[in-house]
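Enquirer: Sharing model-v4.pdb here; it has PDB, C-alpha atoms.
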```
MODEL        1
ATOM      1  CA  MET A   1     117.554  55.608 111.748
ATOM      2  CA  LYS A   2     114.770  56.693 109.386
ATOM      3  CA  ILE A   3     115.211  60.320 108.333
ATOM      4  CA  THR A   4     112.999  62.385 106.035
ATOM      5  CA  ILE A   5     113.683  66.011 105.147
ATOM      6  CA  LEU A   6     110.697  67.359 103.226
ATOM      7  CA  VAL A   7     111.576  69.942 100.592
ATOM      8  CA  ALA A   8     108.590  72.251 100.181
ATOM      9  CA  SER A   9     107.918  73.610  96.711
ATOM     10  CA  HIS A  10     104.919  74.924  94.800
ATOM     11  CA  LYS A  11     106.549  74.347  91.407
ATOM     12  CA  GLN A  12     108.746  71.938  89.456
ATOM     13  CA  TYR A  13     112.336  72.328  90.604
ATOM     14  CA  ASN A  14     115.636  70.466  90.500
ATOM     15  CA  MET A  15     115.865  68.565  93.775
ATOM     16  CA  PRO A  16     118.714  66.898  95.728
ATOM     17  CA  GLN A  17     119.485  63.296  94.779
ATOM     18  CA  ASP A  18     120.089  62.180  98.374
ATOM     19  CA  PRO A  19     117.019  60.024  99.217
ATOM     20  CA  ILE A  20     116.518  61.565 102.676
ATOM     21  CA  TYR A  21     115.399  64.751 100.862
ATOM     22  CA  ARG A  22     111.856  64.254  99.535
ATOM     23  CA  ALA A  23     110.130  66.944  97.482
ATOM     24  CA  ILE A  24     106.608  67.808  98.591
ATOM     25  CA  GLN A  25     104.186  69.883  96.522
ATOM     26  CA  VAL A  26     102.637  72.376  98.925
ATOM     27  CA  GLY A  27      99.176  73.653  98.151
ATOM     28  CA  ALA A  28      98.474  70.695  95.863
ATOM     29  CA  ALA A  29      94.760  70.980  96.654
ATOM     30  CA  VAL A  30      94.573  74.453  95.122
ATOM     31  CA  GLN A  31      96.793  73.805  92.074
ATOM     32  CA  ASP A  32      95.713  72.554  88.672
ATOM     33  CA  GLN A  33      97.987  69.521  88.468
ATOM     34  CA  GLN A  34     100.298  67.344  90.504
ATOM     35  CA  ILE A  35     104.047  67.730  90.005
ATOM     36  CA  GLU A  36     105.537  64.457  88.824
ATOM     37  CA  GLY A  37     107.807  62.853  91.401
ATOM     38  CA  PHE A  38     106.666  65.139  94.238
ATOM     39  CA  ILE A  39     104.595  64.089  97.253
ATOM     40  CA  PRO A  40     101.297  66.015  97.087
ATOM     41  CA  ASP A  41     100.405  67.562 100.443
ATOM     42  CA  ASN A  42      96.688  66.880  99.958
ATOM     43  CA  THR A  43      96.795  63.162 100.804
ATOM     44  CA  GLY A  44      95.859  61.636 104.152
ATOM     45  CA  THR A  45      95.271  64.103 106.968
ATOM     46  CA  ASN A  46      96.278  67.450 105.512
ATOM     47  CA  LEU A  47      95.945  71.235 105.473
ATOM     48  CA  SER A  48      96.707  71.644 101.776
ATOM     49  CA  VAL A  49      93.717  73.830 100.896
ATOM     50  CA  LYS A  50      94.959  76.445 103.389
ATOM     51  CA  ASN A  51      98.416  76.728 101.837
ATOM     52  CA  PRO A  52      97.755  80.327 100.621
ATOM     53  CA  PHE A  53      97.644  81.292 104.312
ATOM     54  CA  TYR A  54     100.078  78.777 105.862
ATOM     55  CA  ASN A  55     102.868  78.636 103.260
ATOM     56  CA  GLU A  56     105.281  75.731 103.800
ATOM     57  CA  LEU A  57     103.604  74.879 107.098
ATOM     58  CA  THR A  58     101.163  72.701 105.141
ATOM     59  CA  ALA A  59     104.151  70.392 104.536
ATOM     60  CA  LEU A  60     104.785  70.250 108.288
ATOM     61  CA  TYR A  61     101.127  69.464 108.932
ATOM     62  CA  TRP A  62     101.224  66.672 106.352
ATOM     63  CA  ALA A  63     104.370  65.230 107.946
ATOM     64  CA  LYS A  64     102.794  65.315 111.403
ATOM     65  CA  TYR A  65     100.104  62.839 110.381
ATOM     66  CA  ASN A  66     101.657  60.970 107.470
ATOM     67  CA  LEU A  67     105.316  60.433 108.447
ATOM     68  CA  THR A  68     104.809  58.958 111.902
ATOM     69  CA  ASP A  69     107.045  55.997 111.000
ATOM     70  CA  GLN A  70     110.124  58.226 110.676
ATOM     71  CA  ASP A  71     112.634  58.715 113.493
ATOM     72  CA  VAL A  72     113.662  62.190 112.377
ATOM     73  CA  ILE A  73     111.648  64.824 110.496
ATOM     74  CA  GLY A  74     112.971  67.941 108.823
ATOM     75  CA  LEU A  75     111.743  70.724 106.573
ATOM     76  CA  ALA A  76     113.633  72.623 103.885
ATOM     77  CA  HIS A  77     112.529  74.919 101.060
ATOM     78  CA  TYR A  78     113.306  74.427  97.403
ATOM     79  CA  ARG A  79     115.594  77.455  97.772
ATOM     80  CA  ARG A  80     116.978  76.901 101.291
ATOM     81  CA  PHE A  81     118.529  73.922 103.071
ATOM     82  CA  LEU A  82     120.703  73.310 106.113
ATOM     83  CA  GLY A  83     124.290  72.647 105.081
ATOM     84  CA  ARG A  84     127.758  72.066 106.446
ATOM     85  CA  LYS A  85     128.796  75.390 104.921
ATOM     86  CA  SER A  86     127.138  78.335 103.216
ATOM     87  CA  SER A  87     127.003  77.708  99.474
ATOM     88  CA  HIS A  88     124.795  77.306  96.408
ATOM     89  CA  SER A  89     125.578  73.606  95.900
ATOM     90  CA  TYR A  90     123.623  70.511  96.919
ATOM     91  CA  LYS A  91     126.934  68.760  97.626
ATOM     92  CA  ASP A  92     127.090  70.768 100.856
ATOM     93  CA  LEU A  93     123.757  69.563 102.263
ATOM     94  CA  LEU A  94     123.720  67.688 105.547
ATOM     95  CA  THR A  95     123.826  63.910 105.085
ATOM     96  CA  ASP A  96     121.962  61.302 107.113
ATOM     97  CA  GLU A  97     125.182  60.401 108.928
ATOM     98  CA  GLU A  98     125.899  64.034 109.845
ATOM     99  CA  ILE A  99     122.312  64.479 111.080
ATOM    100  CA  GLU A 100     122.500  61.329 113.219
ATOM    101  CA  ILE A 101     125.783  62.440 114.802
ATOM    102  CA  ALA A 102     124.467  65.945 115.501
ATOM    103  CA  LEU A 103     121.267  64.659 117.129
ATOM    104  CA  GLN A 104     123.295  62.558 119.543
ATOM    105  CA  LYS A 105     124.481  65.835 121.077
ATOM    106  CA  TYR A 106     121.742  68.332 120.243
ATOM    107  CA  ASP A 107     117.943  68.302 120.400
ATOM    108  CA  ILE A 108     117.228  70.228 117.215
ATOM    109  CA  LEU A 109     119.080  71.507 114.154
ATOM    110  CA  LEU A 110     118.216  75.018 112.977
ATOM    111  CA  PRO A 111     119.481  77.653 110.523
ATOM    112  CA  LYS A 112     121.957  80.149 111.904
ATOM    113  CA  GLN A 113     120.012  82.830 113.698
ATOM    114  CA  ARG A 114     119.339  86.084 111.902
ATOM    115  CA  ASN A 115     120.578  89.249 113.617
ATOM    116  CA  TYR A 116     118.516  92.408 113.234
ATOM    117  CA  PHE A 117     120.930  94.714 115.122
ATOM    118  CA  ILE A 118     118.950  97.990 114.911
ATOM    119  CA  GLU A 119     115.535  96.636 115.905
ATOM    120  CA  THR A 120     113.927  93.823 117.835
ATOM    121  CA  GLN A 121     112.431  90.875 116.000
ATOM    122  CA  GLU A 122     108.985  92.182 116.998
ATOM    123  CA  GLU A 123     109.714  95.599 115.511
ATOM    124  CA  HIS A 124     111.005  93.888 112.390
ATOM    125  CA  TYR A 125     107.771  91.942 111.956
ATOM    126  CA  LEU A 126     105.477  94.868 112.691
ATOM    127  CA  ASN A 127     107.402  97.114 110.288
ATOM    128  CA  ALA A 128     107.049  94.567 107.503
ATOM    129  CA  HIS A 129     103.532  93.162 107.939
ATOM    130  CA  ASP A 130      99.948  93.950 108.818
ATOM    131  CA  ASN A 131      99.984  94.086 112.618
ATOM    132  CA  ARG A 132      96.588  92.519 113.296
ATOM    133  CA  PRO A 133      97.447  88.784 113.008
ATOM    134  CA  TYR A 134     100.579  89.301 115.113
ATOM    135  CA  ASN A 135      98.658  91.062 117.863
ATOM    136  CA  ILE A 136      96.032  88.315 117.806
ATOM    137  CA  MET A 137      98.789  85.739 118.259
ATOM    138  CA  MET A 138     100.175  87.615 121.260
ATOM    139  CA  ASP A 139      96.723  87.623 122.833
ATOM    140  CA  VAL A 140      96.108  83.939 122.070
ATOM    141  CA  ILE A 141      99.365  82.813 123.667
ATOM    142  CA  SER A 142      98.878  85.052 126.691
ATOM    143  CA  LYS A 143      95.383  83.728 127.387
ATOM    144  CA  GLN A 144      95.444  80.147 126.143
ATOM    145  CA  PHE A 145      99.099  79.069 126.292
ATOM    146  CA  PRO A 146     100.493  80.754 129.429
ATOM    147  CA  GLU A 147     103.278  78.163 129.710
ATOM    148  CA  TYR A 148     104.905  79.874 126.720
ATOM    149  CA  LEU A 149     104.441  83.453 127.916
ATOM    150  CA  PRO A 150     107.882  83.905 129.575
ATOM    151  CA  ALA A 151     109.654  82.755 126.416
ATOM    152  CA  LEU A 152     107.352  84.885 124.289
ATOM    153  CA  THR A 153     108.152  87.975 126.367
ATOM    154  CA  GLU A 154     111.886  87.345 125.950
ATOM    155  CA  PHE A 155     111.588  86.691 122.250
ATOM    156  CA  ARG A 156     109.617  89.863 121.569
ATOM    157  CA  LYS A 157     112.604  91.865 122.847
ATOM    158  CA  SER A 158     115.220  89.737 121.128
ATOM    159  CA  ARG A 159     117.226  91.042 118.183
ATOM    160  CA  THR A 160     117.813  87.546 116.833
ATOM    161  CA  ALA A 161     115.543  84.834 115.425
ATOM    162  CA  HIS A 162     115.689  81.447 113.716
ATOM    163  CA  MET A 163     113.739  81.951 110.514
ATOM    164  CA  PHE A 164     112.174  80.140 107.539
ATOM    165  CA  ASN A 165     110.309  77.375 109.449
ATOM    166  CA  ILE A 166     113.345  75.203 108.683
ATOM    167  CA  SER A 167     114.414  72.552 111.204
ATOM    168  CA  ILE A 168     115.469  68.939 111.741
ATOM    169  CA  MET A 169     114.465  67.092 114.926
ATOM    170  CA  PRO A 170     113.477  63.698 116.358
ATOM    171  CA  GLN A 171     109.881  62.567 115.880
ATOM    172  CA  VAL A 172     108.920  62.977 119.537
ATOM    173  CA  LEU A 173     110.018  66.626 119.556
ATOM    174  CA  PHE A 174     108.476  67.186 116.139
ATOM    175  CA  GLN A 175     105.092  66.081 117.442
ATOM    176  CA  ASP A 176     105.367  68.394 120.456
ATOM    177  CA  TYR A 177     106.490  71.301 118.274
ATOM    178  CA  THR A 178     103.691  70.869 115.741
ATOM    179  CA  ASP A 179     101.110  70.387 118.504
ATOM    180  CA  PHE A 180     102.042  73.843 119.770
ATOM    181  CA  VAL A 181     102.368  75.586 116.398
ATOM    182  CA  PHE A 182      99.094  74.400 114.936
ATOM    183  CA  ALA A 183      97.165  74.818 118.188
ATOM    184  CA  VAL A 184      98.219  78.481 118.324
ATOM    185  CA  LEU A 185      97.753  79.192 114.632
ATOM    186  CA  SER A 186      94.325  77.556 114.464
ATOM    187  CA  GLU A 187      93.138  79.960 117.176
ATOM    188  CA  VAL A 188      94.730  82.918 115.384
ATOM    189  CA  GLU A 189      93.094  81.823 112.136
ATOM    190  CA  LYS A 190      89.654  81.768 113.771
ATOM    191  CA  GLN A 191      90.067  85.394 114.823
ATOM    192  CA  THR A 192      91.624  86.693 111.584
ATOM    193  CA  ASP A 193      89.600  88.172 108.742
ATOM    194  CA  PHE A 194      91.783  87.308 105.760
ATOM    195  CA  GLU A 195      89.586  89.432 103.492
ATOM    196  CA  GLN A 196      91.045  92.453 105.262
ATOM    197  CA  LEU A 197      94.614  91.394 104.484
ATOM    198  CA  ASP A 198      96.345  92.338 101.255
ATOM    199  CA  GLY A 199      99.010  90.617  99.169
ATOM    200  CA  GLN A 200     101.645  88.746 101.121
ATOM    201  CA  ASP A 201      99.904  89.461 104.428
ATOM    202  CA  LYS A 202      97.332  86.805 103.550
ATOM    203  CA  ARG A 203     100.213  84.384 104.218
ATOM    204  CA  ALA A 204     100.323  85.526 107.841
ATOM    205  CA  MET A 205     100.042  82.045 109.378
ATOM    206  CA  GLY A 206     103.291  81.011 107.729
ATOM    207  CA  TYR A 207     105.102  84.152 108.845
ATOM    208  CA  LEU A 208     103.806  83.836 112.400
ATOM    209  CA  GLY A 209     104.931  80.218 112.474
ATOM    210  CA  GLU A 210     108.518  81.412 112.035
ATOM    211  CA  ARG A 211     108.236  83.338 115.309
ATOM    212  CA  LEU A 212     106.782  80.377 117.186
ATOM    213  CA  MET A 213     109.866  78.215 116.669
ATOM    214  CA  ASP A 214     112.044  80.177 119.102
ATOM    215  CA  VAL A 215     109.204  80.512 121.614
ATOM    216  CA  TRP A 216     108.834  76.735 121.661
ATOM    217  CA  VAL A 217     112.601  76.087 121.775
ATOM    218  CA  ARG A 218     113.079  78.497 124.686
ATOM    219  CA  THR A 219     110.150  77.076 126.626
ATOM    220  CA  ARG A 220     111.413  73.506 126.196
ATOM    221  CA  GLN A 221     115.007  74.643 126.911
ATOM    222  CA  LEU A 222     116.348  72.649 123.994
ATOM    223  CA  LYS A 223     119.960  72.326 122.913
ATOM    224  CA  ILE A 224     120.372  73.840 119.451
ATOM    225  CA  ALA A 225     122.902  73.225 116.707
ATOM    226  CA  GLU A 226     122.978  75.983 114.098
ATOM    227  CA  TYR A 227     123.920  75.476 110.464
ATOM    228  CA  PRO A 228     124.521  77.805 107.520
ATOM    229  CA  LEU A 229     122.141  77.802 104.586
ATOM    230  CA  VAL A 230     122.685  76.211 101.221
ATOM    231  CA  THR A 231     120.687  78.477  98.898
ATOM    232  CA  THR A 232     119.886  77.553  95.323
ATOM    233  CA  GLU A 233     119.178  81.150  94.330
ATOM    234  CA  LYS A 234     121.394  84.109  95.162
ATOM    235  CA  THR A 235     120.054  86.977  97.274
ATOM    236  CA  ASN A 236     120.602  90.604  96.338
ATOM    237  CA  TRP A 237     121.744  91.736  99.801
ATOM    238  CA  LEU A 238     122.098  95.385  98.759
ATOM    239  CA  GLU A 239     118.461  95.487  97.651
ATOM    240  CA  LYS A 240     117.333  93.517 100.710
ATOM    241  CA  GLY A 241     119.205  95.869 103.060
ATOM    242  CA  TRP A 242     117.768  98.944 101.332
ATOM    243  CA  TYR A 243     114.178  97.777 101.798
ATOM    244  CA  PHE A 244     114.932  96.802 105.392
ATOM    245  CA  LEU A 245     116.052 100.355 106.151
ATOM    246  CA  LEU A 246     113.009 101.837 104.400
ATOM    247  CA  ARG A 247     110.683  99.765 106.558
ATOM    248  CA  HIS A 248     112.630 100.511 109.729
ATOM    249  CA  PHE A 249     112.319 104.252 109.187
ATOM    250  CA  GLY A 250     108.605 104.125 108.478
ATOM    251  CA  HIS A 251     108.399 103.828 104.700
ATOM    252  CA  GLN A 252     106.324 100.655 104.470
ATOM    253  CA  GLN A 253     104.476 101.305 101.240
ATOM    254  CA  ASN A 254     105.824  99.554  98.158
ATOM    255  CA  THR A 255     108.678  97.883 100.039
ATOM    256  CA  LYS A 256     109.569  94.241  99.485
ATOM    257  CA  THR A 257     109.870  92.059 102.578
ATOM    258  CA  HIS A 258     110.546  88.570 101.205
ATOM    259  CA  PHE A 259     113.148  87.675  98.583
TER
ENDMDL
END
```
Transcribe the structure of this file into structure tokens.
Expert:
Amino acid sequence: MKITILVASHKQYNMPQDPIYRAIQVGAAVQDQQIEGFIPDNTGTNLSVKNPFYNELTALYWAKYNLTDQDVIGLAHYRRFLGRKSSHSYKDLLTDEEIEIALQKYDILLPKQRNYFIETQEEHYLNAHDNRPYNIMMDVISKQFPEYLPALTEFRKSRTAHMFNISIMPQVLFQDYTDFVFAVLSEVEKQTDFEQLDGQDKRAMGYLGERLMDVWVRTRQLKIAEYPLVTTEKTNWLEKGWYFLLRHFGHQQNTKTHF
């Protein structure tokens, strides 16, 4: 079985030695130089020039058209990977054998879902970001992708979500997933004035893509296996929790949302 897990990064970084993990330089088209040893995402059919708006999704777009010979496609970040246990060590990453075994029983491998507890995932997004791209996405799905509307309605009320645009799945599902994600986001992009968005909100397409994963999974009624994250950089959970509470209680200004 041919397996490729793309590791999205915009900078030079120490990468796993396991050959199924392949570093890809996202936004290569808008950077000054290519990172040695990384796949540039501006070859073949690509969306590299739009990386400032799509984040790591430009790696997914590249894979959709340039890794069609692979049986299994996955995406990780230079800071986050799926692992057999939560740790900060590459030795705990999923191996090709473990992925093959898991996909015999499950349709897709995802990070453990995040629990918001005191707010829905929709409230969490709207408290943290400019609301306009999100509302456009709701309208686009309602009018142009009605098949996904029941799952979307459920997900908007949910207090859990699978985040980070991280996944591992067979090629046939990957093509269906990316068909949906990029069809929706291209319509949202057409209706979004990015000049009106500030700072991190210009990266709205990437953030919205995170929400589309669960909508697609629920619509397709897929069997999920969840895995903990191997993170190469430690998170300050006290600081993260503090900013979360500030946003929840209406203090959006000067609050960090991504760590």
Enquirer: Report the distance between atom CA of Met169 of chain A and atom CA of Thr58 of chain A in Å, rounded to one decimal place.
Expert: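 That distance, rounded to one decimal, is 17.4 Å.
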Enquirer: Can you spell out as a PyMOL selection string the set of residues that the PyMOL selection byres ((chain A and resi 180) around 12) selects in the structure I just provided?
Expert: chain A and resi 61+64+140-141+144-148+173-179+181-187+209+212-217+219-220
Enquirer: If you measure from atom CA of Gln25 of chain A to atom CA of Phe38 of chain A, what distance in Å do you get, rounded to one decimal?
Expert: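 Value for the atom CA of Gln25 of chain A-atom CA of Phe38 of chain A distance: 5.8 Å.
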Enquirer: Could you please determine the separation between atom CA of Ala151 of chain A and atom CA of Tyr106 of chain A in Å, to one decimal place?
Expert: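 Taking atom CA of Ala151 of chain A as the start and atom CA of Tyr106 of chain A as the end point, the length is 19.8 Å.
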Enquirer: Here's the selection I'm unsure about, the PyMOL selection byres ((chain A and resi 76-81) around 9); applied to the file above, which residues does it give, as a ChimeraX atom specification?
Expert: /A:5-10,13-15,21,23,56,74-75,82-83,90,93-94,111,164-168,228-233
Enquirer: I would like the residues chosen by the PyMOL selection byres ((chain A and resi 107) around 8) on the shown file; could you give them as an NGL selection string?
Expert: :A and (103-106 or 108-109 or 169-170 or 222-225)
Enquirer: Could you give me, as a ChimeraX atom specification, the residues within 7 Å of Gly206 of chain A, counting all atoms listed in the file and dropping anything in the same chain fewer than 3 positions from it?
Expert: /A:53-57,203,209-210
Enquirer: Please determine, counting only C-alpha atoms, which residue among A:Gln221, A:Gln31, A:Gln121, A:Ser87 has the shortest atom-to-atom distance to Val49 of chain A.
Expert: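 So, comparing all the options, the nearest one is A:Gln31.
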Enquirer: Quick one: 5 Å padding each side, axis-aligned, all listed atoms of segment 224-232 of chain A - centre and edge lengths in Å to one decimal, as AutoDock Vina command-line options?
Expert:
```
--center_x 122.2 --center_y 75.9 --center_z 107.4 --size_x 14.6 --size_y 15.3 --size_z 34.1
```
Enquirer: If I put a ball of radius 9 Å at (113.7, 58.9, 100.3) in the file's coordinates, which residues poke into it when counting only C-alpha atoms, written as a list in words?
Expert: Ile3, Thr4, Ile5, Asp18, Pro19, Ile20, Tyr21 and Arg22 of chain A
Enquirer: Using all atoms listed in the file for the distances, tell me which of A:Glu226, A:Asp92, A:Leu197, A:Thr160 is nearest to Arg211 of chain A.
Expert: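 Nearest to Arg211 of chain A: A:Thr160.
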